[in-house]
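Inspection log for the structure reproduced underneath, given as structure tokens.
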Amino acid sequence: MTKLARLIAINKMSKKDSKWIHKEIFRILNKDEIWIAAYEKLKSNKGALTPGSTPETMDGMSLDRLRRLKDQVLSESYAFKTVKLTYIARPDGRKRPLGLPTANDKIVQEVIRMILEAIYEPNFSEFSFGFRQGLGCHDALNHVEQRFRWVDYVIEGDIEQAYPTIDHHTLVGFLKERIDDPRFIRLIWKLLGCGVLEEERIRYSKTGIPQGSIVSPILANIYYHELDKFVKNLMNIYMTPIADRKSLKTAEYKSLEYQISKLGKQMNELPKQSAERKLLSNKLKSLRNKRLDTPSLKNKPVRVEYVRYADDWMLGVSGEKSLAIEIKDQLTTFMKNTLQQNLHPTKTKITDLRKGNVYFLGYEIFLPLNRPISTYKGKGVQTIRRGNPMLRFDIPVSILTKRYAERGYLKLLTKGSRPISKSSYTVLEDHVIVSHYRSLWQGIYNYYLGCTNRGRLQYIHYLMHMSCAMTLAHRHRTSASKIFKKHGKTLTIKIPNTDREVSFPYRSSWRISDRGWLIGKKVIPPIVRYANLVSRSSLGSPCIICDSEEGSIEMHHVKHVRKNGFRYKGFTEQMALLNRKQVPLCKQCHQKVHSGLYDGPSLESLRKKYEKI
């Protein structure tokens, strides 16, 4: 049995028993397959060539290097390097911290993440959507649309400094509930205590997991899984069971329902054009009108709905506001006593969905005061009228326009905004400008595809479309109208030296029927992905140039070769044509490529070697 098969067994056991305690997890690290899968998962990431606190990167990886790393971890002599802390500018002017681990640390973290995923993924809550393979923001928003349409009040949860305040002892305590392996727990402790390098000063802390770390998302999900379980327990306590909801109807309302049903059956037995049927029809209408004015329930049934995406969560309550306040107080106490964290006193608030908006995952969500009435034909009666509570999902235009104004695409006015030329792009070629704006708009459109106010989406489209045309006009010192006249509404530009064209995705139709969510994926069993990564790996393959299998064959990134200015004429171009991002090279060929002394084989011979690999 391979060690990947051991991961499959762990995954199946977790599905079978959510409280199963896993032992001797550390032994999984004993085989090469899991290390190869970890490297293959990371090798093409954007940060593969970004150094951390040491100069090492993923470039130059080999089986020997992986085995040395594995042996260090198994002997418990491996020590995580300090995480290099950098800051990314945010649109609002603030900076977000981002940790940069070393290349070896990334591989060890990925191995840890794979094991934790096999253990915990089958048992994560159905209400959790963040950082799970096959799920995303639209899955969470679709859940909100389906389940929150009946709620009256929403508790918007905001955790004060969620990631930096995760308590290490509390987190490890949660891990020990499912993992009984001291060596694996010690490895987790080493990871949590590695420290942060900031401005040449090392800082250690007993709380927090670094943002940007590979293993941070699943550790956060494990931590907040306790919140999911607590909310699930609250739902069981407060929600009115479906079987009991019918018993809540008043006697008068039940009597009217019985009379209406009885009249409907009598009408079915009579000819459609008979006078008696018409009398019964009039009586039926009067009974329905009376039913509309009659209170249907003794007490309103209670419903509690919940959704969480990473550290962002909402809880909806259908019932009295006092119940929402009571639940909010219980959540505050749980967060403080169990998770050692605090809810923000002002940002965590209770909102009436018919009087205000809630902000979740970039959308403004509310419920209209006047619910539309839909009619449909029912069995035994002519028509049935029913209120259709439909949540509205709006684009926060002011926030979005401010963000793109700070990036130079728009200019904010006293009321609204207007498109402007992005002057920094005027040095680029026309097709590059249009391609950039195309990607920018496509990202906005795909994310806000679920917007119910299509006019707002059309407005953002107009701003991006005009900004693109104005940038082209600025580059050629002409007007936007002449640019449209030359390239059409779609701003179609031919890419030089190719037969391809690039254009802006201009839209003229903004029908509400086009809205929707990009969902349909499911949580993919992780072991299938890992097995495919191992089988496709080029680690241990012969040198792509000389076919040598002797010595240490290292995987070198073609991108890294290009950046470092290797003078091997045509090598990077050949690799690009072969769609190769990493290539195996022996030390001799690597030195020759670097020095520019080696002419190299033809593209056709390289293609044949590539097909073998």
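By order of appearance in the structure tokens: chains A, B, ..., then residues from 1 within every chain, and ligands from 1 in the order shown.
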
Non-local contacts of Gln330 of chain A (12 Å; only C-alpha atoms; under 4 positions in same chain excluded) as a VMD selection string: chain A and resid 155 227 230 to 231 233 to 234 323 to 326 334 to 338 343

Near-segment 98-100 of chain A list (10 Å; only C-alpha atoms; drop same-chain fewer than 3 positions) as a ChimeraX atom specification: /A:47,50-53,82-88,95,103,105-106,196-198,209-214

Go ahead and save the picked residues with C-alpha atoms, as a JSON list (two decimals), in the first residue's frame.
```
[["chain", "number", "residue", "atom", "x", "y", "z"],
["A", 47, "GLY", "CA", 5.39, 32.56, -5.98],
["A", 50, "THR", "CA", 9.89, 34.27, -5.07],
["A", 51, "PRO", "CA", 12.49, 33.89, -2.30],
["A", 52, "GLY", "CA", 11.56, 34.10, 1.36],
["A", 53, "SER", "CA", 13.99, 34.85, 4.16],
["A", 82, "THR", "CA", 11.37, 32.73, 9.73],
["A", 83, "VAL", "CA", 8.62, 34.00, 7.44],
["A", 84, "LYS", "CA", 9.59, 37.11, 5.50],
["A", 85, "LEU", "CA", 6.85, 39.69, 5.96],
["A", 86, "THR", "CA", 5.95, 42.05, 3.15],
["A", 87, "TYR", "CA", 3.04, 44.42, 2.67],
["A", 88, "ILE", "CA", 0.62, 44.70, -0.24],
["A", 95, "LYS", "CA", -1.47, 47.78, 3.60],
["A", 103, "ALA", "CA", 10.80, 27.10, -0.85],
["A", 105, "ASP", "CA", 9.06, 25.42, 4.02],
["A", 106, "LYS", "CA", 6.39, 25.67, 1.31],
["A", 196, "VAL", "CA", 8.23, 36.56, 11.37],
["A", 197, "LEU", "CA", 11.07, 38.55, 9.79],
["A", 198, "GLU", "CA", 10.04, 42.19, 9.49],
["A", 209, "ILE", "CA", -1.16, 32.29, 11.49],
["A", 210, "PRO", "CA", 0.62, 34.20, 8.70],
["A", 211, "GLN", "CA", -1.51, 35.30, 5.75],
["A", 212, "GLY", "CA", -0.01, 33.90, 2.55],
["A", 213, "SER", "CA", 1.06, 30.66, 4.18],
["A", 214, "ILE", "CA", 0.00, 27.51, 2.30]]
```

Per-residue DSSP, segment 218-454 of chain A, filtered to strand (DSSP E), as a PyMOL selection string: chain A and resi 303-309+312-318+349-352+358-360+363-366+373-376+384-387+392-394+410-412+417-419

Save the residues we just selected, N, CA and C atoms, as a tab-separated table (two decimals), in the first residue's frame?
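out.tsv, written as the output of this step:
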```tsv
chain	number	residue	atom	x	y	z
A	303	ARG	N	-36.81	30.36	12.27
A	303	ARG	CA	-35.83	29.77	11.35
A	303	ARG	C	-34.49	30.46	11.60
A	304	VAL	N	-33.43	29.68	11.56
A	304	VAL	CA	-32.07	30.21	11.72
A	304	VAL	C	-31.24	29.70	10.54
A	305	GLU	N	-30.63	30.63	9.81
A	305	GLU	CA	-29.78	30.27	8.67
A	305	GLU	C	-28.38	30.81	8.90
A	306	TYR	N	-27.39	30.17	8.26
A	306	TYR	CA	-26.00	30.51	8.55
A	306	TYR	C	-25.15	30.26	7.31
A	307	VAL	N	-24.13	31.10	7.12
A	307	VAL	CA	-23.16	30.91	6.04
A	307	VAL	C	-21.82	31.48	6.51
A	308	ARG	N	-20.74	30.81	6.10
A	308	ARG	CA	-19.40	31.30	6.46
A	308	ARG	C	-18.46	31.12	5.28
A	309	TYR	N	-17.69	32.17	5.00
A	309	TYR	CA	-16.63	32.10	4.01
A	309	TYR	C	-15.36	32.59	4.68
A	312	ASP	N	-15.42	35.50	7.30
A	312	ASP	CA	-16.64	36.29	7.08
A	312	ASP	C	-17.85	35.39	7.24
A	313	TRP	N	-18.81	35.78	8.09
A	313	TRP	CA	-19.99	34.95	8.28
A	313	TRP	C	-21.22	35.80	8.54
A	314	MET	N	-22.37	35.22	8.27
A	314	MET	CA	-23.67	35.84	8.53
A	314	MET	C	-24.60	34.81	9.14
A	315	LEU	N	-25.47	35.28	10.02
A	315	LEU	CA	-26.49	34.41	10.60
A	315	LEU	C	-27.83	35.10	10.48
A	316	GLY	N	-28.79	34.44	9.86
A	316	GLY	CA	-30.12	35.01	9.65
A	316	GLY	C	-31.14	34.41	10.60
A	317	VAL	N	-32.07	35.25	11.08
A	317	VAL	CA	-33.10	34.82	12.02
A	317	VAL	C	-34.46	35.23	11.48
A	318	SER	N	-35.36	34.28	11.38
A	318	SER	CA	-36.76	34.56	11.07
A	318	SER	C	-37.53	34.46	12.38
A	349	LYS	N	-23.26	43.66	13.82
A	349	LYS	CA	-24.54	44.33	14.06
A	349	LYS	C	-25.70	43.48	13.54
A	350	ILE	N	-26.89	43.86	13.99
A	350	ILE	CA	-28.13	43.19	13.56
A	350	ILE	C	-28.86	44.11	12.60
A	351	THR	N	-29.19	43.61	11.42
A	351	THR	CA	-29.81	44.41	10.38
A	351	THR	C	-31.15	43.80	9.98
A	352	ASP	N	-32.18	44.67	9.91
A	352	ASP	CA	-33.47	44.26	9.36
A	352	ASP	C	-33.35	44.28	7.85
A	358	VAL	N	-27.16	44.43	4.00
A	358	VAL	CA	-26.00	43.75	4.59
A	358	VAL	C	-24.95	43.61	3.50
A	359	TYR	N	-23.68	43.67	3.88
A	359	TYR	CA	-22.59	43.60	2.93
A	359	TYR	C	-21.86	42.27	3.14
A	360	PHE	N	-21.88	41.42	2.10
A	360	PHE	CA	-21.26	40.10	2.21
A	360	PHE	C	-20.60	39.73	0.90
A	363	TYR	N	-21.09	42.06	-2.16
A	363	TYR	CA	-22.46	42.37	-2.59
A	363	TYR	C	-23.21	43.11	-1.49
A	364	GLU	N	-24.11	43.99	-1.89
A	364	GLU	CA	-25.08	44.59	-0.97
A	364	GLU	C	-26.37	43.78	-1.09
A	365	ILE	N	-26.82	43.20	0.01
A	365	ILE	CA	-27.96	42.28	0.00
A	365	ILE	C	-29.09	42.87	0.83
A	366	PHE	N	-30.31	42.84	0.30
A	366	PHE	CA	-31.48	43.33	1.04
A	366	PHE	C	-32.73	42.63	0.52
A	373	ILE	N	-46.13	39.47	-6.08
A	373	ILE	CA	-47.12	38.39	-5.95
A	373	ILE	C	-47.11	37.57	-7.24
A	374	SER	N	-46.86	36.30	-7.13
A	374	SER	CA	-46.88	35.42	-8.30
A	374	SER	C	-48.17	34.61	-8.30
A	375	THR	N	-48.67	34.30	-9.47
A	375	THR	CA	-49.89	33.49	-9.60
A	375	THR	C	-49.58	32.24	-10.40
A	376	TYR	N	-50.20	31.15	-10.02
A	376	TYR	CA	-50.06	29.92	-10.78
A	376	TYR	C	-51.31	29.08	-10.58
A	384	ILE	N	-53.76	30.46	-7.74
A	384	ILE	CA	-53.28	30.66	-6.38
A	384	ILE	C	-52.31	31.84	-6.42
A	385	ARG	N	-52.43	32.76	-5.46
A	385	ARG	CA	-51.53	33.91	-5.39
A	385	ARG	C	-50.62	33.73	-4.17
A	386	ARG	N	-49.37	33.95	-4.37
A	386	ARG	CA	-48.43	33.73	-3.28
A	386	ARG	C	-47.31	34.77	-3.35
A	387	GLY	N	-46.93	35.28	-2.17
A	387	GLY	CA	-45.80	36.21	-2.11
A	387	GLY	C	-44.50	35.50	-2.43
A	392	ARG	N	-32.38	40.73	-3.05
A	392	ARG	CA	-31.73	41.56	-4.06
A	392	ARG	C	-30.23	41.59	-3.78
A	393	PHE	N	-29.46	41.40	-4.85
A	393	PHE	CA	-28.00	41.44	-4.77
A	393	PHE	C	-27.52	42.60	-5.64
A	394	ASP	N	-27.05	43.66	-4.99
A	394	ASP	CA	-26.63	44.86	-5.71
A	394	ASP	C	-25.12	45.03	-5.66
A	410	LEU	N	-10.77	55.82	-13.44
A	410	LEU	CA	-11.92	56.72	-13.32
A	410	LEU	C	-11.54	57.96	-12.54
A	411	LYS	N	-12.42	58.95	-12.60
A	411	LYS	CA	-12.28	60.15	-11.78
A	411	LYS	C	-13.59	60.35	-11.03
A	412	LEU	N	-13.50	60.47	-9.71
A	412	LEU	CA	-14.69	60.65	-8.90
A	412	LEU	C	-15.17	62.08	-9.00
A	417	SER	N	-19.18	59.32	-11.13
A	417	SER	CA	-17.80	59.28	-11.59
A	417	SER	C	-17.81	59.29	-13.11
A	418	ARG	N	-16.64	59.54	-13.69
A	418	ARG	CA	-16.54	59.52	-15.15
A	418	ARG	C	-15.26	58.79	-15.55
A	419	PRO	N	-15.25	58.17	-16.74
A	419	PRO	CA	-14.05	57.44	-17.19
A	419	PRO	C	-12.97	58.40	-17.63
```

At a cut-off of 10 Å, can you tabulate as JSON lines every residue of segment 148-203 of chain A near segment 117-120 of chain A together with its closest atom pair and the distance in Å to one decimal, using only C-alpha atoms and ordering rows by chain then number?
```
{"residue": "A:Leu175", "atom": "CA", "partner": "A:Tyr120", "partner_atom": "CA", "distance": 9.8}
{"residue": "A:Arg178", "atom": "CA", "partner": "A:Ile119", "partner_atom": "CA", "distance": 8.2}
{"residue": "A:Ile179", "atom": "CA", "partner": "A:Ile119", "partner_atom": "CA", "distance": 8.8}
```

Export N, CA, C and O atoms of the chosen residues as a CSV table (one decimal), in the first residue's frame?
```csv
chain,number,residue,atom,x,y,z
A,175,LEU,N,-6.7,20.3,17.2
A,175,LEU,CA,-6.1,19.3,16.3
A,175,LEU,C,-5.9,18.0,17.1
A,175,LEU,O,-6.1,16.9,16.6
A,178,ARG,N,-8.6,15.2,17.1
A,178,ARG,CA,-8.7,14.3,16.0
A,178,ARG,C,-7.4,13.6,15.6
A,178,ARG,O,-7.4,12.6,14.8
A,179,ILE,N,-6.3,14.1,16.1
A,179,ILE,CA,-5.0,13.5,15.7
A,179,ILE,C,-4.2,13.1,17.0
A,179,ILE,O,-3.9,14.0,17.9
```

Shell of 9 Å around segment 422-428 of chain A, only C-alpha atoms, local chain residues under 5 positions omitted, as a PyMOL selection string: chain A and resi 407-410+433+467-468+470-476
